[in-house]
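File shown: upload-v5.pdb. Contents: PDB, C-alpha atoms.
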MODEL        1
ATOM      1  CA  MET K 203      33.720 -14.552 -22.388
ATOM      2  CA  THR K 204      30.223 -14.598 -20.947
ATOM      3  CA  ALA K 205      27.592 -13.704 -23.543
ATOM      4  CA  GLN K 206      25.503 -10.640 -22.791
ATOM      5  CA  PHE K 207      21.988 -11.219 -21.519
ATOM      6  CA  ASP K 208      19.049  -8.854 -21.840
ATOM      7  CA  LEU K 209      18.086  -9.743 -18.280
ATOM      8  CA  VAL K 210      19.808 -11.491 -15.406
ATOM      9  CA  THR K 211      17.726 -11.982 -12.257
ATOM     10  CA  MET K 212      18.980 -13.196  -8.892
ATOM     11  CA  GLY K 213      16.968 -14.762  -6.108
ATOM     12  CA  ARG K 214      14.087 -17.006  -5.238
ATOM     13  CA  ILE K 215      13.290 -20.227  -7.072
ATOM     14  CA  GLY K 216      11.161 -23.224  -6.196
ATOM     15  CA  VAL K 217       8.189 -25.346  -7.112
ATOM     16  CA  ASP K 218       4.651 -24.007  -6.757
ATOM     17  CA  ILE K 219       2.064 -26.623  -5.778
ATOM     18  CA  TYR K 220      -1.287 -25.056  -6.618
ATOM     19  CA  PRO K 221      -4.702 -26.598  -5.919
ATOM     20  CA  LEU K 222      -6.820 -27.425  -8.932
ATOM     21  CA  GLN K 223      -9.926 -26.643  -6.879
ATOM     22  CA  THR K 224     -10.649 -23.047  -5.944
ATOM     23  CA  GLY K 225     -12.643 -21.648  -3.070
ATOM     24  CA  VAL K 226     -11.718 -24.422  -0.635
ATOM     25  CA  GLY K 227      -8.988 -24.811   1.966
ATOM     26  CA  LEU K 228      -5.997 -27.080   1.443
ATOM     27  CA  GLU K 229      -7.495 -29.607   3.843
ATOM     28  CA  ASP K 230     -10.257 -30.229   1.278
ATOM     29  CA  VAL K 231      -8.186 -30.090  -1.909
ATOM     30  CA  THR K 232      -7.770 -33.435  -3.675
ATOM     31  CA  SER K 233      -5.580 -32.558  -6.664
ATOM     32  CA  PHE K 234      -2.729 -30.169  -7.376
ATOM     33  CA  GLY K 235      -0.671 -28.836 -10.252
ATOM     34  CA  LYS K 236       3.131 -28.473 -10.172
ATOM     35  CA  TYR K 237       4.718 -25.321 -11.613
ATOM     36  CA  LEU K 238       7.998 -23.471 -11.689
ATOM     37  CA  GLY K 239       7.940 -20.634  -9.151
ATOM     38  CA  GLY K 240       9.831 -17.909  -7.328
ATOM     39  CA  THR K 241       9.765 -14.168  -7.950
ATOM     40  CA  ALA K 242      13.147 -13.751  -9.629
ATOM     41  CA  THR K 243      12.518 -16.870 -11.693
ATOM     42  CA  ASN K 244       9.072 -15.839 -12.867
ATOM     43  CA  VAL K 245      10.378 -12.432 -13.970
ATOM     44  CA  ALA K 246      13.025 -14.180 -16.093
ATOM     45  CA  VAL K 247      10.365 -16.467 -17.582
ATOM     46  CA  ALA K 248       8.111 -13.504 -18.316
ATOM     47  CA  ALA K 249      10.905 -11.665 -20.129
ATOM     48  CA  ALA K 250      11.760 -14.775 -22.151
ATOM     49  CA  ARG K 251       8.162 -14.844 -23.410
ATOM     50  CA  TYR K 252       8.899 -11.556 -25.165
ATOM     51  CA  GLY K 253      11.969 -13.014 -26.832
ATOM     52  CA  ARG K 254      14.413 -11.540 -24.333
ATOM     53  CA  ARG K 255      17.547 -13.497 -23.512
ATOM     54  CA  SER K 256      17.246 -14.095 -19.787
ATOM     55  CA  ALA K 257      19.003 -16.045 -17.053
ATOM     56  CA  VAL K 258      18.560 -16.510 -13.324
ATOM     57  CA  VAL K 259      21.259 -16.719 -10.645
ATOM     58  CA  THR K 260      20.037 -19.067  -7.927
ATOM     59  CA  LYS K 261      20.303 -22.552  -6.431
ATOM     60  CA  THR K 262      18.125 -25.634  -6.075
ATOM     61  CA  GLY K 263      18.466 -28.792  -4.059
ATOM     62  CA  ALA K 264      19.963 -32.018  -5.439
ATOM     63  CA  ASP K 265      16.584 -33.709  -5.781
ATOM     64  CA  PRO K 266      13.820 -34.437  -8.317
ATOM     65  CA  PHE K 267      12.288 -30.982  -7.853
ATOM     66  CA  GLY K 268      15.683 -29.474  -8.661
ATOM     67  CA  ARG K 269      15.798 -31.541 -11.863
ATOM     68  CA  PHE K 270      12.283 -30.378 -12.704
ATOM     69  CA  ILE K 271      13.356 -26.737 -12.294
ATOM     70  CA  HIS K 272      16.288 -27.071 -14.694
ATOM     71  CA  ARG K 273      14.074 -28.738 -17.279
ATOM     72  CA  ALA K 274      11.302 -26.167 -16.885
ATOM     73  CA  LEU K 275      13.707 -23.230 -17.226
ATOM     74  CA  ARG K 276      15.090 -24.624 -20.470
ATOM     75  CA  GLU K 277      11.588 -25.254 -21.806
ATOM     76  CA  TYR K 278      10.658 -21.639 -21.065
ATOM     77  CA  GLY K 279      13.797 -20.390 -22.831
ATOM     78  CA  VAL K 280      15.568 -19.216 -19.661
ATOM     79  CA  ASP K 281      19.296 -19.958 -19.456
ATOM     80  CA  ASP K 282      19.999 -22.198 -16.434
ATOM     81  CA  ARG K 283      23.804 -22.046 -16.473
ATOM     82  CA  PHE K 284      23.854 -19.939 -13.279
ATOM     83  CA  VAL K 285      21.512 -22.252 -11.360
ATOM     84  CA  GLY K 286      23.701 -24.091  -8.870
ATOM     85  CA  THR K 287      23.021 -26.874  -6.397
ATOM     86  CA  SER K 288      23.037 -26.977  -2.603
ATOM     87  CA  GLU K 289      23.679 -30.641  -1.902
ATOM     88  CA  HIS K 290      22.516 -30.421   1.713
ATOM     89  CA  LEU K 291      19.262 -28.483   1.226
ATOM     90  CA  PRO K 292      15.920 -29.497  -0.328
ATOM     91  CA  THR K 293      14.376 -27.576  -3.211
ATOM     92  CA  PRO K 294      11.617 -25.370  -1.718
ATOM     93  CA  VAL K 295       7.945 -25.928  -2.409
ATOM     94  CA  THR K 296       5.160 -23.399  -1.976
ATOM     95  CA  PHE K 297       1.485 -24.199  -1.509
ATOM     96  CA  CYS K 298      -1.332 -21.712  -1.902
ATOM     97  CA  GLU K 299      -5.062 -21.519  -1.344
ATOM     98  CA  ILE K 300      -7.204 -19.813  -3.960
ATOM     99  CA  PHE K 301     -10.159 -17.730  -2.823
ATOM    100  CA  PRO K 302     -10.892 -15.282  -5.670
ATOM    101  CA  PRO K 303     -10.916 -12.401  -6.132
ATOM    102  CA  ASP K 304      -8.409 -11.250  -3.520
ATOM    103  CA  ASP K 305      -7.458 -13.928  -0.973
ATOM    104  CA  PHE K 306      -4.524 -16.184  -1.897
ATOM    105  CA  PRO K 307      -2.727 -17.417   1.240
ATOM    106  CA  LEU K 308       0.791 -18.745   0.660
ATOM    107  CA  TYR K 309       2.546 -21.477   2.623
ATOM    108  CA  PHE K 310       6.323 -21.568   2.073
ATOM    109  CA  TYR K 311       8.321 -24.712   2.842
ATOM    110  CA  ARG K 312      11.902 -23.415   2.833
ATOM    111  CA  PHE K 313      13.490 -25.360   5.692
ATOM    112  CA  PRO K 314      16.087 -25.532   7.134
ATOM    113  CA  GLN K 315      17.113 -22.908   4.561
ATOM    114  CA  ALA K 316      16.146 -22.377   0.946
ATOM    115  CA  PRO K 317      18.980 -23.082  -1.507
ATOM    116  CA  ASP K 318      18.443 -19.658  -3.091
ATOM    117  CA  LEU K 319      19.460 -18.148   0.265
ATOM    118  CA  ASP K 320      22.585 -20.319   0.220
ATOM    119  CA  LEU K 321      23.967 -18.279  -2.692
ATOM    120  CA  ARG K 322      27.604 -17.305  -2.167
ATOM    121  CA  GLU K 323      29.912 -14.889  -3.930
ATOM    122  CA  GLU K 324      31.728 -17.754  -5.619
ATOM    123  CA  ASP K 325      28.413 -18.821  -7.206
ATOM    124  CA  ILE K 326      28.081 -15.551  -9.137
ATOM    125  CA  ASP K 327      29.388 -14.853 -12.623
ATOM    126  CA  PHE K 328      30.201 -11.192 -12.013
ATOM    127  CA  ASP K 329      30.927 -10.592 -15.703
ATOM    128  CA  ALA K 330      27.377 -11.647 -16.584
ATOM    129  CA  VAL K 331      26.028  -9.359 -13.863
ATOM    130  CA  ARG K 332      28.071  -6.390 -15.108
ATOM    131  CA  GLU K 333      27.235  -6.902 -18.765
ATOM    132  CA  ALA K 334      23.504  -7.667 -18.570
ATOM    133  CA  LYS K 335      21.284  -4.953 -20.019
ATOM    134  CA  ILE K 336      19.090  -5.335 -16.921
ATOM    135  CA  PHE K 337      20.123  -6.823 -13.584
ATOM    136  CA  TRP K 338      17.229  -7.604 -11.201
ATOM    137  CA  VAL K 339      17.428  -8.495  -7.499
ATOM    138  CA  THR K 340      14.749  -8.872  -4.838
ATOM    139  CA  GLY K 341      14.434  -7.784  -1.237
ATOM    140  CA  THR K 342      14.159 -11.393  -0.082
ATOM    141  CA  GLY K 343      17.766 -11.956  -1.124
ATOM    142  CA  PHE K 344      18.862  -9.762   1.795
ATOM    143  CA  SER K 345      16.914 -11.681   4.431
ATOM    144  CA  GLU K 346      19.596 -14.285   5.288
ATOM    145  CA  GLU K 347      23.269 -15.051   4.917
ATOM    146  CA  PRO K 348      25.113 -15.955   2.777
ATOM    147  CA  SER K 349      22.650 -14.619   0.188
ATOM    148  CA  ARG K 350      22.689 -11.137   1.724
ATOM    149  CA  THR K 351      26.433 -10.702   1.261
ATOM    150  CA  ALA K 352      26.375 -12.318  -2.191
ATOM    151  CA  THR K 353      23.517 -10.131  -3.434
ATOM    152  CA  MET K 354      25.199  -6.974  -2.187
ATOM    153  CA  ALA K 355      28.468  -8.055  -3.812
ATOM    154  CA  ALA K 356      26.649  -8.490  -7.108
ATOM    155  CA  LEU K 357      25.132  -5.008  -6.836
ATOM    156  CA  GLU K 358      28.491  -3.486  -5.975
ATOM    157  CA  ALA K 359      30.096  -5.235  -8.953
ATOM    158  CA  ARG K 360      27.300  -3.946 -11.153
ATOM    159  CA  GLY K 361      28.025  -0.407  -9.970
ATOM    160  CA  ARG K 362      24.608   0.988 -10.974
ATOM    161  CA  ARG K 363      25.380   0.285 -14.633
ATOM    162  CA  GLY K 364      22.561   0.324 -17.143
ATOM    163  CA  ILE K 365      19.218  -0.667 -15.679
ATOM    164  CA  THR K 366      19.582  -2.172 -12.202
ATOM    165  CA  VAL K 367      16.288  -3.111 -10.545
ATOM    166  CA  LEU K 368      15.364  -3.783  -6.924
ATOM    167  CA  ASP K 369      12.051  -5.591  -6.525
ATOM    168  CA  LEU K 370      11.198  -4.576  -2.946
ATOM    169  CA  ASP K 371       9.434  -7.947  -2.500
ATOM    170  CA  TYR K 372       8.702  -7.790   1.256
ATOM    171  CA  ARG K 373       7.344 -11.054   2.680
ATOM    172  CA  PRO K 374       7.075 -10.873   6.486
ATOM    173  CA  MET K 375       7.611 -14.609   7.037
ATOM    174  CA  PHE K 376      11.183 -14.279   5.734
ATOM    175  CA  TRP K 377      12.197 -11.584   8.245
ATOM    176  CA  GLU K 378      12.529 -11.129  11.991
ATOM    177  CA  SER K 379      10.825  -7.726  11.705
ATOM    178  CA  ARG K 380       9.898  -4.977   9.283
ATOM    179  CA  GLU K 381      12.622  -2.841  10.813
ATOM    180  CA  GLN K 382      15.266  -5.450   9.999
ATOM    181  CA  ALA K 383      14.042  -5.594   6.410
ATOM    182  CA  ARG K 384      14.061  -1.781   6.150
ATOM    183  CA  GLU K 385      17.657  -1.555   7.329
ATOM    184  CA  ARG K 386      18.918  -4.100   4.817
ATOM    185  CA  VAL K 387      16.790  -3.073   1.844
ATOM    186  CA  SER K 388      17.673   0.575   2.429
ATOM    187  CA  LYS K 389      21.338  -0.214   1.829
ATOM    188  CA  ALA K 390      20.495  -1.840  -1.481
ATOM    189  CA  LEU K 391      18.693   1.279  -2.737
ATOM    190  CA  ASP K 392      22.046   3.025  -3.090
ATOM    191  CA  HIS K 393      23.038   0.541  -5.805
ATOM    192  CA  VAL K 394      19.994   0.435  -8.110
ATOM    193  CA  THR K 395      18.381   2.660 -10.722
ATOM    194  CA  VAL K 396      14.825   1.269 -10.603
ATOM    195  CA  ALA K 397      12.726   0.312  -7.565
ATOM    196  CA  VAL K 398       9.407  -1.535  -7.820
ATOM    197  CA  GLY K 399       7.014  -2.317  -4.994
ATOM    198  CA  ASN K 400       3.479  -2.219  -3.651
ATOM    199  CA  LEU K 401       2.398   0.088  -0.851
ATOM    200  CA  ASP K 402       3.324  -2.295   1.958
ATOM    201  CA  GLU K 403       6.716  -2.926   0.391
ATOM    202  CA  CYS K 404       7.296   0.806   0.088
ATOM    203  CA  LEU K 405       6.407   1.184   3.763
ATOM    204  CA  THR K 406       9.115  -1.340   4.546
ATOM    205  CA  ALA K 407      11.711   0.231   2.252
ATOM    206  CA  VAL K 408      11.256   3.951   2.903
ATOM    207  CA  GLY K 409       8.904   4.216   5.881
ATOM    208  CA  THR K 410       5.745   5.434   4.147
ATOM    209  CA  ASP K 411       2.899   3.841   2.206
ATOM    210  CA  ARG K 412       1.624   7.146   0.808
ATOM    211  CA  PRO K 413       2.261   6.665  -2.920
ATOM    212  CA  ARG K 414       3.717  10.056  -3.829
ATOM    213  CA  GLU K 415       5.711  10.309  -0.625
ATOM    214  CA  ALA K 416       7.109   6.824  -1.240
ATOM    215  CA  ALA K 417       8.026   7.643  -4.831
ATOM    216  CA  LYS K 418       9.732  10.844  -3.701
ATOM    217  CA  ALA K 419      11.636   9.010  -0.982
ATOM    218  CA  LEU K 420      12.856   6.470  -3.516
ATOM    219  CA  ARG K 421      13.821   9.189  -5.982
ATOM    220  CA  ASP K 422      15.682  11.022  -3.234
ATOM    221  CA  ARG K 423      17.872   7.926  -2.900
ATOM    222  CA  GLY K 424      19.047   8.364  -6.484
ATOM    223  CA  ILE K 425      16.474   6.055  -8.089
ATOM    224  CA  SER K 426      15.848   6.987 -11.740
ATOM    225  CA  LEU K 427      12.463   5.249 -11.943
ATOM    226  CA  ALA K 428      10.240   4.623  -8.917
ATOM    227  CA  VAL K 429       7.264   2.323  -9.531
ATOM    228  CA  VAL K 430       4.616   2.178  -6.801
ATOM    229  CA  LYS K 431       1.843  -0.385  -7.274
ATOM    230  CA  GLN K 432      -1.344   0.893  -5.627
ATOM    231  CA  GLY K 433      -3.729  -2.037  -6.089
ATOM    232  CA  PRO K 434      -7.169  -0.812  -7.185
ATOM    233  CA  GLU K 435      -5.748   2.693  -7.648
ATOM    234  CA  GLY K 436      -3.400   1.514 -10.382
ATOM    235  CA  VAL K 437       0.313   2.218 -10.720
ATOM    236  CA  LEU K 438       2.263   5.387  -9.984
ATOM    237  CA  ALA K 439       5.584   5.784 -11.808
ATOM    238  CA  VAL K 440       7.932   8.733 -11.339
ATOM    239  CA  ASP K 441      11.084   9.373 -13.343
ATOM    240  CA  ASP K 442      13.026  12.381 -14.624
ATOM    241  CA  SER K 443      10.197  13.233 -17.045
ATOM    242  CA  GLY K 444       7.606  13.495 -14.273
ATOM    243  CA  GLU K 445       4.726  11.437 -12.884
ATOM    244  CA  VAL K 446       2.519   8.883 -14.589
ATOM    245  CA  VAL K 447      -0.554   7.257 -13.045
ATOM    246  CA  VAL K 448      -2.054   4.316 -14.924
ATOM    247  CA  PRO K 449      -5.339   2.689 -13.857
ATOM    248  CA  PRO K 450      -5.506  -1.064 -13.309
ATOM    249  CA  ALA K 451      -6.388  -3.278 -16.248
ATOM    250  CA  PRO K 452      -9.794  -4.958 -15.821
ATOM    251  CA  VAL K 453      -9.687  -8.686 -15.121
ATOM    252  CA  GLU K 454     -11.809 -11.429 -13.587
ATOM    253  CA  VAL K 455      -9.278 -12.694 -11.061
ATOM    254  CA  VAL K 456      -8.621 -16.436 -10.885
ATOM    255  CA  ASN K 457      -5.325 -16.343  -8.981
ATOM    256  CA  GLY K 458      -3.610 -13.055  -8.134
ATOM    257  CA  LEU K 459      -0.274 -14.767  -7.415
ATOM    258  CA  GLY K 460       2.254 -14.161 -10.170
ATOM    259  CA  ALA K 461       0.636 -10.999 -11.496
ATOM    260  CA  GLY K 462       3.423  -8.906  -9.981
ATOM    261  CA  ASP K 463       6.057 -11.097 -11.624
ATOM    262  CA  ALA K 464       4.323 -10.742 -14.974
ATOM    263  CA  PHE K 465       4.332  -6.976 -14.389
ATOM    264  CA  GLY K 466       8.078  -7.167 -13.709
ATOM    265  CA  GLY K 467       8.911  -9.111 -16.860
ATOM    266  CA  ALA K 468       6.805  -6.758 -18.947
ATOM    267  CA  LEU K 469       8.457  -3.761 -17.273
ATOM    268  CA  CYS K 470      11.849  -5.120 -18.355
ATOM    269  CA  HIS K 471      10.607  -5.660 -21.910
ATOM    270  CA  GLY K 472       9.248  -2.118 -22.105
ATOM    271  CA  LEU K 473      12.418  -0.555 -20.712
ATOM    272  CA  LEU K 474      14.577  -2.555 -23.126
ATOM    273  CA  SER K 475      12.308  -1.459 -25.973
ATOM    274  CA  GLY K 476      12.860   2.210 -25.096
ATOM    275  CA  TRP K 477       9.172   2.961 -24.649
ATOM    276  CA  ASP K 478       8.024   6.031 -22.735
ATOM    277  CA  THR K 479       7.019   5.480 -19.117
ATOM    278  CA  GLU K 480       3.258   5.566 -19.637
ATOM    279  CA  ARG K 481       3.439   2.986 -22.409
ATOM    280  CA  VAL K 482       5.625   0.726 -20.255
ATOM    281  CA  MET K 483       3.218   0.946 -17.312
ATOM    282  CA  ARG K 484       0.123   0.237 -19.401
ATOM    283  CA  PHE K 485       1.806  -2.758 -20.991
ATOM    284  CA  ALA K 486       3.027  -4.079 -17.623
ATOM    285  CA  ASN K 487      -0.418  -3.614 -16.061
ATOM    286  CA  ALA K 488      -2.034  -5.588 -18.878
ATOM    287  CA  ALA K 489       0.540  -8.379 -18.530
ATOM    288  CA  GLY K 490      -0.188  -8.599 -14.800
ATOM    289  CA  ALA K 491      -3.924  -8.707 -15.460
ATOM    290  CA  HIS K 492      -3.445 -11.537 -17.945
ATOM    291  CA  VAL K 493      -1.730 -13.726 -15.339
ATOM    292  CA  ALA K 494      -4.244 -12.784 -12.628
ATOM    293  CA  GLY K 495      -6.894 -14.304 -14.863
ATOM    294  CA  GLU K 496      -5.080 -17.662 -14.994
ATOM    295  CA  LEU K 497      -4.347 -20.374 -12.423
ATOM    296  CA  ALA K 498      -0.581 -20.743 -12.781
ATOM    297  CA  CYS K 499       2.246 -18.181 -12.668
ATOM    298  CA  SER K 500       5.088 -19.300 -14.929
ATOM    299  CA  ASP K 501       2.854 -21.233 -17.340
ATOM    300  CA  ALA K 502       0.590 -18.208 -17.729
ATOM    301  CA  MET K 503       3.204 -15.582 -18.629
ATOM    302  CA  PRO K 504       1.897 -13.913 -21.804
ATOM    303  CA  THR K 505       3.469 -13.176 -25.164
ATOM    304  CA  GLU K 506       3.566  -9.630 -26.474
ATOM    305  CA  GLU K 507       0.707 -10.451 -28.828
ATOM    306  CA  GLN K 508      -1.467 -11.583 -25.915
ATOM    307  CA  VAL K 509      -0.736  -8.401 -23.952
ATOM    308  CA  LEU K 510      -1.464  -6.167 -26.948
ATOM    309  CA  ARG K 511      -4.716  -8.020 -27.559
ATOM    310  CA  ARG K 512      -5.739  -7.308 -23.956
ATOM    311  CA  LEU K 513      -4.898  -3.653 -24.479
ATOM    312  CA  GLU K 514      -7.071  -3.314 -27.558
ATOM    313  CA  GLY K 515      -9.804  -0.787 -26.982
ATOM    314  CA  THR K 516      -7.897   1.004 -24.201
ATOM    315  CA  GLN K 517      -5.648   4.019 -24.457
ATOM    316  CA  GLY K 518      -2.633   2.528 -25.671
ATOM    317  CA  VAL K 519       0.500   1.046 -26.552
TER
ENDMDL
END

Kindly return the structure encoded in the file as structure tokens.
Amino acid sequence: MTAQFDLVTMGRIGVDIYPLQTGVGLEDVTSFGKYLGGTATNVAVAAARYGRRSAVVTKTGADPFGRFIHRALREYGVDDRFVGTSEHLPTPVTFCEIFPPDDFPLYFYRFPQAPDLDLREEDIDFDAVREAKIFWVTGTGFSEEPSRTATMAALEARGRRGITVLDLDYRPMFWESREQARERVSKALDHVTVAVGNLDECLTAVGTDRPREAAKALRDRGISLAVVKQGPEGVLAVDDSGEVVVPPAPVEVVNGLGAGDAFGGALCHGLLSGWDTERVMRFANAAGAHVAGELACSDAMPTEEQVLRRLEGTQGV
């Protein structure tokens, strides 16, 4: 039988190629660092930092970058048994430019198709999906076939058991239009208990970027916990106990990429710990701030001790 995981994520994986010089365009960069990347993957890494047993359902190419990914996952303590291989597709790489504090352009190389979008129903261990304490999928998984059908099949097999999370994760370059994304993501909302997204992602999912309206629209779809990230206005979370608004954690931003994934992993840790919603949001905010102050994403995911140290002196955990 498949062992139970605290967290199983499903979706994007790849290699992040980040410049080691900041404040300059890629045309002027002379050296880069190589890191494990991808939203679903980073969330699994973040959860593993807190001692959670995590795994990711995805695919790589049959190439050196694919080998690097398997090795990196194991080093981070993430189970790679559900990471398959698409023999005919290259492992994706992602470049970024770093212009602190708030400009981090991304350049995705996922052609002709990313292996994580080549996921098929036969690639999924449905027992692991059903039994995981948290199952996490992302909006990007619905952008192309066969991943769209496979991701929906996983959600249907899960049957809204336990904690089932949809990271709204809207990236325009992966879609023909916002309307197409809204149609497909909307169907997924009927199968999850938690939805997480920023204002633009909420606009895509439910047609409004007004925080309280978006949270209400998500809750009206049967979502138990709606988390709306508002940037400089902090985080709004609404569940059966009411509304919580938590201000952003202060940070001198080095690279804002990956902060949302750190938030996601910390959110999972807090929910698994049974904390109240305000405590979860403060902890997740601090985890995101920690990664925003570092260059890398996966390498920078904090331990619980590091997050608590950042929270010292604030209203707290």

(request) Have a look at K:Arg269, K:His492, K:Lys418, K:Arg484 and name the one nearest to K:Gln508; count all atoms listed in the file. (result)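 Result for the nearest residue to K:Gln508: K:His492.
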
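The coordinates place atom CA of K:Arg254 at 17.3 Å from atom CA of K:Arg332.
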
(request) I would like the residues chosen by the PyMOL selection byres ((chain K and resi 494) around 6) on the shown file; could you give them as a ChimeraX atom specification? (result) /K:455-458,461,491-493,495-496

(message) If we count all atoms listed in the file and set the cut-off at 10 Å, which residues sit around K:Ser388, ignoring sequence neighbours fewer than 6 positions away in its own chain? Please answer as a PyMOL selection string.
(response) chain K and resi 341+370+382+406-408+420+423

(request) Compare K:Leu474, K:Ala464, K:Ile219, K:Ala249 by their minimum atom-to-atom distance to K:Ala488, counting only C-alpha atoms, and give me the closest one. (result) K:Ala464

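Among K:Ser349, K:Thr293, K:Gln432, K:Asn487, the residue with the shortest atom-to-atom distance to K:Phe270, counting all atoms listed in the file, is K:Thr293.
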
(request) Name the residues in contact with K:Arg362 at a cut-off of 8 Å, using only C-alpha atoms, excluding same-chain residues fewer than 2 positions from it; report them as a list of chain:residue names. (result)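 After dropping sequence-adjacent residues, the list is K:Leu357, K:Glu358, K:Arg360, K:Gly364, K:Ile365, K:Thr366, K:His393, K:Val394, K:Thr395.
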
(request) Evaluate the PyMOL selection byres ((chain K and resi 238) around 12) here and jot the selected residues down as a ChimeraX atom specification. (result) /K:214-220,235-237,239-248,262,267-278,280,293-296,460,498-503

(message) If the PyMOL selection byres ((chain K and resi 259) around 6) were run on this exact file, what residues would it hold? Put them as a PyMOL selection string.
(response) chain K and resi 212+258+260+284-285

(message) Nearest residue to K:Thr342 out of K:Leu473, K:Val440, K:Leu319, K:Leu209, using all atoms listed in the file?
(response)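 Of K:Leu473, K:Val440, K:Leu319, K:Leu209, the one nearest K:Thr342, counting all atoms listed in the file, is K:Leu319.
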
(request) Please provide as a PyMOL selection string all residues within 10 Å of K:Thr340, with the sequence filter that same-chain residues fewer than 2 positions apart are discarded (counting only C-alpha atoms). (result) chain K and resi 211-214+241-242+338+342-345+353+367-372+387+390+397-398

Enclosing box along x, y and z for every listed atom of stretch 478-482 of chain K, padded 4 Å each side, centre and size in Å, one decimal, as AutoDock Vina command-line options:
--center_x 5.6 --center_y 3.4 --center_z -20.9 --size_x 12.8 --size_y 13.3 --size_z 11.6

(request) Rank K:Ala417, K:Cys470, K:Leu321, K:Ala334 by their smallest atom-to-atom distance to K:Glu347, using only C-alpha atoms, and report the top residue only. (result)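 Using only C-alpha atoms, the shortest distance to K:Glu347 belongs to K:Leu321.
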
(request) For atom CA of K:Glu514 and atom CA of K:Val430, quote the distance in Å rounded to one decimal. (result)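 Atom-to-atom, atom CA of K:Glu514 to atom CA of K:Val430, that is 24.4 Å.
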
(request) Name all residues at most 10 Å from K:Gln223 (count only C-alpha atoms; drop same-chain ones fewer than 4 positions away) and give them as a ChimeraX atom specification. (result) /K:227-228,230-234,299-301

Mind filling out stretch 265-277 of chain K with N, CA and C atoms and sending it as a PDB file, keeping the file's coordinate frame?
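Output file rebuild_27.pdb follows:
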ATOM      1  N   ASP K 265      17.728 -32.824  -5.937  1.00  0.00           N
ATOM      2  CA  ASP K 265      16.584 -33.709  -5.781  1.00  0.00           C
ATOM      3  C   ASP K 265      15.711 -33.643  -7.035  1.00  0.00           C
ATOM      4  N   PRO K 266      14.661 -34.447  -7.114  1.00  0.00           N
ATOM      5  CA  PRO K 266      13.820 -34.437  -8.317  1.00  0.00           C
ATOM      6  C   PRO K 266      13.207 -33.069  -8.629  1.00  0.00           C
ATOM      7  N   PHE K 267      12.828 -32.312  -7.590  1.00  0.00           N
ATOM      8  CA  PHE K 267      12.288 -30.982  -7.853  1.00  0.00           C
ATOM      9  C   PHE K 267      13.347 -30.072  -8.467  1.00  0.00           C
ATOM     10  N   GLY K 268      14.605 -30.228  -8.048  1.00  0.00           N
ATOM     11  CA  GLY K 268      15.683 -29.474  -8.661  1.00  0.00           C
ATOM     12  C   GLY K 268      15.829 -29.830 -10.133  1.00  0.00           C
ATOM     13  N   ARG K 269      15.728 -31.114 -10.459  1.00  0.00           N
ATOM     14  CA  ARG K 269      15.798 -31.541 -11.863  1.00  0.00           C
ATOM     15  C   ARG K 269      14.628 -30.967 -12.658  1.00  0.00           C
ATOM     16  N   PHE K 270      13.457 -30.962 -12.044  1.00  0.00           N
ATOM     17  CA  PHE K 270      12.283 -30.378 -12.704  1.00  0.00           C
ATOM     18  C   PHE K 270      12.520 -28.904 -13.028  1.00  0.00           C
ATOM     19  N   ILE K 271      13.110 -28.164 -12.090  1.00  0.00           N
ATOM     20  CA  ILE K 271      13.356 -26.737 -12.294  1.00  0.00           C
ATOM     21  C   ILE K 271      14.279 -26.506 -13.487  1.00  0.00           C
ATOM     22  N   HIS K 272      15.372 -27.236 -13.561  1.00  0.00           N
ATOM     23  CA  HIS K 272      16.288 -27.071 -14.694  1.00  0.00           C
ATOM     24  C   HIS K 272      15.569 -27.347 -16.013  1.00  0.00           C
ATOM     25  N   ARG K 273      14.792 -28.404 -16.049  1.00  0.00           N
ATOM     26  CA  ARG K 273      14.074 -28.738 -17.279  1.00  0.00           C
ATOM     27  C   ARG K 273      13.062 -27.658 -17.638  1.00  0.00           C
ATOM     28  N   ALA K 274      12.318 -27.192 -16.627  1.00  0.00           N
ATOM     29  CA  ALA K 274      11.302 -26.167 -16.885  1.00  0.00           C
ATOM     30  C   ALA K 274      11.934 -24.877 -17.387  1.00  0.00           C
ATOM     31  N   LEU K 275      13.034 -24.448 -16.770  1.00  0.00           N
ATOM     32  CA  LEU K 275      13.707 -23.230 -17.226  1.00  0.00           C
ATOM     33  C   LEU K 275      14.088 -23.341 -18.691  1.00  0.00           C
ATOM     34  N   ARG K 276      14.687 -24.459 -19.072  1.00  0.00           N
ATOM     35  CA  ARG K 276      15.090 -24.624 -20.470  1.00  0.00           C
ATOM     36  C   ARG K 276      13.884 -24.613 -21.396  1.00  0.00           C
ATOM     37  N   GLU K 277      12.795 -25.237 -20.977  1.00  0.00           N
ATOM     38  CA  GLU K 277      11.588 -25.254 -21.806  1.00  0.00           C
ATOM     39  C   GLU K 277      11.005 -23.862 -21.990  1.00  0.00           C
TER      40      GLU K 277
END
